[in-house]
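Student: Have a peek at coords-v3.cif (mmCIF, C-alpha atoms).
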```
data_run
loop_
_atom_site.label_atom_id
_atom_site.label_comp_id
_atom_site.auth_asym_id
_atom_site.auth_seq_id
_atom_site.Cartn_x
_atom_site.Cartn_y
_atom_site.Cartn_z
CA MET A 1 0.00 0.00 0.00
CA ARG A 2 1.17 3.53 -0.75
CA THR A 3 -0.40 5.06 2.36
CA VAL A 4 2.76 6.01 4.24
CA GLY A 5 4.45 7.66 1.25
CA ALA A 6 1.35 9.58 0.22
CA LEU A 7 0.65 10.82 3.73
CA LYS A 8 4.29 11.86 4.17
CA SER A 9 4.30 13.69 0.84
CA ALA A 10 1.17 15.56 1.89
CA GLY A 11 2.86 16.72 5.08
CA VAL A 12 0.89 14.56 7.52
CA SER A 13 2.94 14.38 10.70
CA ALA A 14 2.90 13.73 14.43
CA GLY A 15 -0.32 14.72 16.12
CA ASP A 16 -2.40 14.90 12.94
CA GLU A 17 -5.54 12.79 12.77
CA VAL A 18 -6.21 10.47 9.83
CA VAL A 19 -9.65 8.91 9.33
CA VAL A 20 -9.37 5.19 8.48
CA PRO A 21 -11.82 2.29 8.08
CA ALA A 22 -12.71 0.35 11.23
CA TYR A 23 -13.54 -2.80 9.25
CA GLY A 24 -10.50 -4.57 7.81
CA ASN A 25 -7.05 -3.33 6.75
CA ALA A 26 -5.36 -2.85 10.10
CA GLU A 27 -2.18 -2.12 8.13
CA VAL A 28 -3.65 1.26 7.16
CA ALA A 29 -4.06 2.29 10.79
CA ARG A 30 -0.55 1.01 11.55
CA ALA A 31 0.84 3.06 8.65
CA VAL A 32 -0.70 6.16 10.21
CA LEU A 33 0.93 5.31 13.55
CA GLU A 34 4.31 4.95 11.83
CA LEU A 35 4.15 8.67 11.07
CA GLY A 36 3.29 9.53 14.65
CA ALA A 37 -0.19 10.53 13.48
CA VAL A 38 -3.43 9.36 15.09
CA PRO A 39 -5.77 6.88 13.34
CA VAL A 40 -9.43 7.80 13.86
CA PHE A 41 -11.88 5.02 13.06
CA ALA A 42 -15.04 5.66 11.05
CA ASP A 43 -17.95 3.28 10.54
CA VAL A 44 -18.70 1.52 7.28
CA ASP A 45 -21.71 1.41 5.01
CA GLY A 46 -23.67 -1.78 5.68
CA ASP A 47 -23.95 -2.70 1.98
CA SER A 48 -20.48 -1.92 0.63
CA TYR A 49 -18.37 -2.43 3.77
CA CYS A 50 -16.46 0.68 2.68
CA LEU A 51 -16.24 3.95 4.61
CA ASP A 52 -19.61 5.63 5.15
CA PRO A 53 -19.24 9.29 4.10
CA ALA A 54 -21.66 10.41 6.85
CA ALA A 55 -19.57 8.54 9.43
CA VAL A 56 -16.43 10.22 8.08
CA SER A 57 -18.05 13.62 8.45
CA ASP A 58 -19.02 12.78 12.04
CA VAL A 59 -15.43 12.09 13.17
CA VAL A 60 -13.62 14.93 11.39
CA THR A 61 -12.17 17.52 13.78
CA SER A 62 -9.89 20.54 13.52
CA GLN A 63 -6.95 18.10 13.89
CA THR A 64 -7.96 15.91 10.92
CA ALA A 65 -5.50 16.03 8.04
CA ALA A 66 -6.55 13.13 5.80
CA VAL A 67 -9.00 10.33 5.03
CA VAL A 68 -7.97 6.91 3.69
CA ALA A 69 -10.75 5.00 1.89
CA ILE A 70 -10.33 1.39 0.77
CA HIS A 71 -12.28 -0.43 -1.93
CA ARG A 72 -13.60 -3.56 -0.21
CA PHE A 73 -14.07 -7.09 -1.61
CA GLY A 74 -13.97 -5.70 -5.16
CA ARG A 75 -16.68 -3.10 -4.52
CA GLN A 76 -15.86 0.57 -4.98
CA ALA A 77 -15.96 2.96 -2.05
CA ASP A 78 -18.27 5.97 -2.43
CA THR A 79 -15.35 8.21 -3.28
CA GLY A 80 -17.50 10.99 -4.72
CA TRP A 81 -19.12 11.78 -1.37
CA ILE A 82 -15.92 11.13 0.58
CA ARG A 83 -13.98 13.55 -1.65
CA GLU A 84 -16.76 16.10 -1.21
CA VAL A 85 -16.36 15.83 2.56
CA GLY A 86 -12.61 16.21 2.07
CA GLN A 87 -12.93 19.29 -0.11
CA ARG A 88 -15.37 20.91 2.29
CA ARG A 89 -13.00 20.35 5.23
CA GLY A 90 -9.72 20.87 3.36
CA LEU A 91 -8.55 17.26 3.79
CA LEU A 92 -6.33 14.97 1.75
CA VAL A 93 -8.35 11.96 0.52
CA LEU A 94 -6.50 8.76 -0.43
CA VAL A 95 -8.36 5.92 -2.15
CA GLU A 96 -6.79 2.48 -2.46
CA ASN A 97 -7.60 -1.08 -3.44
CA GLU A 98 -7.27 -3.87 -0.91
CA PRO A 99 -3.93 -5.71 -0.97
CA GLY A 100 -4.01 -8.62 -3.37
CA ALA A 101 -6.83 -7.22 -5.55
CA ASP A 102 -6.87 -9.19 -8.80
CA PRO A 103 -8.55 -7.66 -11.86
CA GLU A 104 -7.93 -10.85 -13.82
CA GLY A 105 -10.94 -13.13 -13.94
CA ALA A 106 -13.38 -10.40 -12.91
CA GLU A 107 -15.92 -11.31 -15.59
CA LEU A 108 -15.98 -14.94 -14.51
CA ARG A 109 -16.34 -13.93 -10.88
CA ARG A 110 -19.25 -11.66 -11.84
CA ALA A 111 -20.90 -14.56 -13.66
CA HIS A 112 -20.44 -16.81 -10.63
CA ALA A 113 -21.83 -14.07 -8.36
CA SER A 114 -24.87 -13.63 -10.61
CA TYR A 115 -25.53 -17.38 -10.46
CA LEU A 116 -25.33 -17.34 -6.66
CA ASP A 117 -27.43 -14.19 -6.32
CA GLY A 118 -30.36 -15.89 -7.98
CA ARG A 119 -30.16 -19.19 -6.11
CA LEU A 120 -28.97 -18.67 -2.55
CA SER A 121 -31.52 -18.54 0.23
CA GLY A 122 -31.05 -18.35 3.97
CA VAL A 123 -28.24 -15.83 3.61
CA ARG A 124 -28.21 -12.19 2.54
CA THR A 125 -26.36 -11.94 -0.75
CA PRO A 126 -24.16 -8.95 -1.67
CA THR A 127 -25.94 -5.78 -2.75
CA PRO A 128 -25.36 -5.39 -6.53
CA ALA A 129 -23.23 -2.43 -7.57
CA ALA A 130 -21.73 -1.18 -10.82
CA GLY A 131 -18.12 -2.20 -11.26
CA HIS A 132 -18.13 -4.83 -8.50
CA THR A 133 -15.38 -7.35 -9.30
CA TYR A 134 -16.21 -9.79 -6.47
CA GLU A 135 -12.68 -10.24 -5.15
CA GLN A 136 -14.67 -11.95 -2.41
CA TYR A 137 -18.35 -12.95 -2.50
CA VAL A 138 -19.45 -11.86 0.95
CA VAL A 139 -22.83 -12.90 2.34
CA ARG A 140 -24.43 -12.23 5.70
CA VAL A 141 -25.71 -15.10 7.79
CA PRO A 142 -29.00 -14.27 9.54
CA GLY A 143 -29.60 -15.17 13.15
CA ASN A 144 -28.06 -14.01 16.39
CA GLY A 145 -24.76 -12.73 15.03
CA ARG A 146 -21.43 -14.45 15.33
CA PRO A 147 -22.53 -17.74 16.99
CA ASP A 148 -24.86 -18.53 14.10
CA ARG A 149 -22.40 -17.33 11.45
CA ASP A 150 -19.59 -19.44 12.88
CA ALA A 151 -21.82 -22.53 13.16
CA PHE A 152 -22.94 -21.99 9.58
CA ALA A 153 -19.31 -21.72 8.42
CA ARG A 154 -18.32 -24.91 10.22
CA ALA A 155 -21.22 -26.79 8.67
CA LEU A 156 -20.31 -25.56 5.19
CA ARG A 157 -16.67 -26.55 5.61
CA ALA A 158 -17.79 -30.00 6.69
CA LYS A 159 -19.57 -30.22 3.32
CA GLY A 160 -16.38 -29.24 1.46
CA VAL A 161 -17.14 -25.53 0.91
CA ALA A 162 -13.99 -23.44 1.44
CA CYS A 163 -15.68 -20.46 3.06
CA LYS A 164 -13.91 -18.04 5.39
CA VAL A 165 -14.67 -15.18 7.75
CA PRO A 166 -13.27 -12.14 5.93
CA VAL A 167 -12.68 -9.85 8.93
CA LEU A 168 -12.21 -11.33 12.39
CA ALA A 169 -12.43 -8.18 14.54
CA PRO A 170 -12.90 -4.42 14.27
CA VAL A 171 -9.53 -2.71 13.83
CA TYR A 172 -10.15 -0.73 17.02
CA ARG A 173 -10.00 -3.98 19.01
CA MET A 174 -6.65 -5.14 17.66
CA PRO A 175 -3.42 -5.04 19.70
CA GLY A 176 -1.73 -1.66 19.49
CA LEU A 177 -4.80 -0.07 17.89
CA ARG A 178 -7.39 -0.35 20.66
CA ARG A 179 -9.81 2.53 21.09
CA ASP A 180 -12.84 2.96 23.32
CA VAL A 181 -15.36 3.14 20.47
CA PHE A 182 -18.31 1.06 19.29
CA LEU A 183 -19.31 1.39 15.62
CA PRO A 184 -22.54 -0.51 15.00
CA GLU A 185 -22.26 -1.29 11.27
CA THR A 186 -18.68 -2.46 11.73
CA GLU A 187 -19.68 -4.67 14.65
CA ARG A 188 -22.56 -6.22 12.69
CA ALA A 189 -20.37 -6.81 9.65
CA VAL A 190 -17.69 -8.55 11.75
CA ASP A 191 -20.33 -10.78 13.38
CA GLU A 192 -22.36 -11.71 10.29
CA THR A 193 -20.17 -11.78 7.16
CA LEU A 194 -18.91 -14.90 5.44
CA ALA A 195 -16.95 -15.09 2.18
CA LEU A 196 -17.96 -17.87 -0.21
CA PRO A 197 -15.55 -18.97 -2.96
CA VAL A 198 -16.12 -17.52 -6.44
CA HIS A 199 -12.66 -17.84 -7.97
CA ALA A 200 -12.50 -17.94 -11.74
CA GLY A 201 -11.57 -21.63 -11.85
CA MET A 202 -14.79 -22.82 -10.18
CA SER A 203 -17.08 -25.05 -12.21
CA ARG A 204 -20.86 -24.71 -12.40
CA ARG A 205 -21.09 -28.05 -10.64
CA GLU A 206 -19.07 -26.69 -7.68
CA LEU A 207 -21.29 -23.61 -7.52
CA HIS A 208 -24.41 -25.78 -7.59
CA LYS A 209 -23.03 -27.93 -4.78
CA MET A 210 -22.29 -24.82 -2.70
CA VAL A 211 -25.82 -23.47 -3.24
CA GLY A 212 -27.29 -26.78 -2.11
CA ALA A 213 -25.13 -26.83 1.02
CA CYS A 214 -26.01 -23.23 1.94
CA ASN A 215 -29.71 -23.55 1.26
CA ALA A 216 -29.95 -26.77 3.29
CA LEU A 217 -28.54 -24.88 6.30
CA GLY A 218 -30.20 -21.52 5.86
CA GLY A 219 -33.56 -22.53 7.27
CA LEU A 220 -31.96 -23.72 10.50
CA LEU A 221 -30.77 -20.29 11.50
CA GLN A 222 -33.64 -18.02 12.36
CA PRO A 223 -33.34 -14.22 12.49
CA ALA A 224 -33.32 -12.70 15.96
CA PHE A 225 -36.30 -10.52 16.89
#
```
Show how you would write the structure in this file as structure tokens.
Tutor:
Amino acid sequence: MRTVGALKSAGVSAGDEVVVPAYGNAEVARAVLELGAVPVFADVDGDSYCLDPAAVSDVVTSQTAAVVAIHRFGRQADTGWIREVGQRRGLLVLVENEPGADPEGAELRRAHASYLDGRLSGVRTPTPAAGHTYEQYVVRVPGNGRPDRDAFARALRAKGVACKVPVLAPVYRMPGLRRDVFLPETERAVDETLALPVHAGMSRRELHKMVGACNALGGLLQPAF
């Protein structure tokens, strides 16, 4: 990531605040700390998992020097609104892809995602968006949060589906980055999200098998009221 170099070039230094995502990419917050600056965590949008422009606006202070937005899971951050916030407040706005983003195979991943969108039940499928490359196909598991999501993941793995939890904890709970904050959309995303495989090499038969495994489990996990 180019975060450190870009922030240095812009004159961000000790004591400055930099707004960073609370969901994923702890390395961004650590890059801010390397400069002696202060990472300030903003909540994410519940559909894109990228920075929520309204949440960014809420945490900007007179000490804020920059905002770092990250495209998440192949979906674009709402950079138009974030840049507008930046221009209004006189802030540097950096926008980056996640590490390891792979533009190759995007069309196949989109085709796989479209197939899953129309067939999965019992999970909340990703919200469609223009330009989404589905670096990860991230669903939400309904129920009572993390216990149900983790049970669902274990059951899928037992059926041979290589699913994974994409983000294990809010960045503000990680060692060296702890802050006394609670950001509701970030917390929900950490508790509920599960990434299903959609790599370009998957066959239609593998996708069909994954749909069957998910749909057989979905009815067992009831939403909390």
Student: Residues of region 27-66 of chain A within 10 Å of region 125-134 of chain A: nearest atom pair and distance (Å, one decimal) for each, counting only C-alpha atoms, sorted by chain and number, as a tab-separated table?
Tutor:
```
residue	atom	partner	partner_atom	distance
A:Gly46	CA	A:Thr127	CA	9.6
A:Asp47	CA	A:Thr127	CA	6.0
A:Ser48	CA	A:Thr127	CA	7.5
```
Student: Pull out every residue that the PyMOL selection byres ((chain A and resi 50-67) around 10) matches in the shown coordinates and put them as a PyMOL selection string.
Tutor: chain A and resi 7+10-13+15-24+37-49+68-73+75-86+88-95+183+185-186
Student: Name the residues in contact with Arg140 (chain A) at a cut-off of 6 Å, using all atoms listed in the file, excluding same-chain residues fewer than 4 positions from it; report them as a CSV table (one decimal) with C-alpha atoms, keeping the file's coordinate frame.
Tutor:
```
chain,number,residue,atom,x,y,z
A,123,VAL,CA,-28.2,-15.8,3.6
A,124,ARG,CA,-28.2,-12.2,2.5
A,192,GLU,CA,-22.4,-11.7,10.3
A,193,THR,CA,-20.2,-11.8,7.2
```
Student: May I have the protein, DNA and RNA residues with an atom at most 12 Å from (-18.3, -20.0, 15.6), counting only C-alpha atoms in the file's coordinates, returned as JSON, numbers by chain?
Tutor: {"A": [141, 144, 145, 146, 147, 148, 149, 150, 151, 152, 153, 154, 155, 156, 164, 165, 168, 191, 192, 193, 194]}
Student: Keeping only C-alpha atoms, take the residues you just selected and write them out as a PDB file, keeping the file's coordinate frame.
Tutor:
```pdb
ATOM      1  CA  VAL A 141     -25.710 -15.100   7.790  1.00  0.00           C
ATOM      2  CA  ASN A 144     -28.060 -14.010  16.390  1.00  0.00           C
ATOM      3  CA  GLY A 145     -24.760 -12.730  15.030  1.00  0.00           C
ATOM      4  CA  ARG A 146     -21.430 -14.450  15.330  1.00  0.00           C
ATOM      5  CA  PRO A 147     -22.530 -17.740  16.990  1.00  0.00           C
ATOM      6  CA  ASP A 148     -24.860 -18.530  14.100  1.00  0.00           C
ATOM      7  CA  ARG A 149     -22.400 -17.330  11.450  1.00  0.00           C
ATOM      8  CA  ASP A 150     -19.590 -19.440  12.880  1.00  0.00           C
ATOM      9  CA  ALA A 151     -21.820 -22.530  13.160  1.00  0.00           C
ATOM     10  CA  PHE A 152     -22.940 -21.990   9.580  1.00  0.00           C
ATOM     11  CA  ALA A 153     -19.310 -21.720   8.420  1.00  0.00           C
ATOM     12  CA  ARG A 154     -18.320 -24.910  10.220  1.00  0.00           C
ATOM     13  CA  ALA A 155     -21.220 -26.790   8.670  1.00  0.00           C
ATOM     14  CA  LEU A 156     -20.310 -25.560   5.190  1.00  0.00           C
ATOM     15  CA  LYS A 164     -13.910 -18.040   5.390  1.00  0.00           C
ATOM     16  CA  VAL A 165     -14.670 -15.180   7.750  1.00  0.00           C
ATOM     17  CA  LEU A 168     -12.210 -11.330  12.390  1.00  0.00           C
ATOM     18  CA  ASP A 191     -20.330 -10.780  13.380  1.00  0.00           C
ATOM     19  CA  GLU A 192     -22.360 -11.710  10.290  1.00  0.00           C
ATOM     20  CA  THR A 193     -20.170 -11.780   7.160  1.00  0.00           C
ATOM     21  CA  LEU A 194     -18.910 -14.900   5.440  1.00  0.00           C
TER      22      LEU A 194
END
```
Student: Point out the residue among A:Leu196, A:Arg188, A:Leu120, A:Arg179 with the least atom-to-atom distance to Glu135 (chain A), counting only C-alpha atoms.
Tutor: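 Going through A:Leu196, A:Arg188, A:Leu120, A:Arg179 one by one, the smallest distance to Glu135 (chain A) is for A:Leu196.
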Student: Name the closest residue to Pro99 (chain A) among the candidates A:Gly74, A:Gly5, A:Pro142, A:Pro170; distances are taken between atoms, counting all atoms listed in the file.
Tutor: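 With all atoms listed in the file as the atom set, the closest residue is A:Gly74.
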Student: One number please: CA of Ala6 (chain A) to CA of Glu27 (chain A), in Å, one decimal.
Tutor: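 Separation of CA of Ala6 (chain A) and CA of Glu27 (chain A): 14.6 Å.
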Student: With the file shown as input, list the residues that the PyMOL selection byres ((chain A and resi 110) around 10) selects, as a list in words.
Tutor: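 Applying the PyMOL selection byres ((chain A and resi 110) around 10) to the structure shown produces Gly105, Ala106, Glu107, Leu108, Arg109, Ala111, His112, Ala113, Ser114, Tyr115, Leu116, Gly131, His132, Thr133, Tyr134, Glu135, Tyr137, Val198, His199 and Ala200 of chain A.
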Student: Can you tell me how far CA of Asp117 (chain A) sits from CA of Val161 (chain A), in Å to one decimal?
Tutor: 16.9 Å
Student: Enter the distance from CA of Val171 (chain A) to CA of Ala26 (chain A), in Å, rounded to one decimal.
Tutor: 5.6 Å
Student: Hey, what comes out of the PyMOL selection byres ((chain A and resi 204-216) around 7) on this file? Could you write it as a PyMOL selection string?
Tutor: chain A and resi 119-122+156+159+161+202-203+217-219
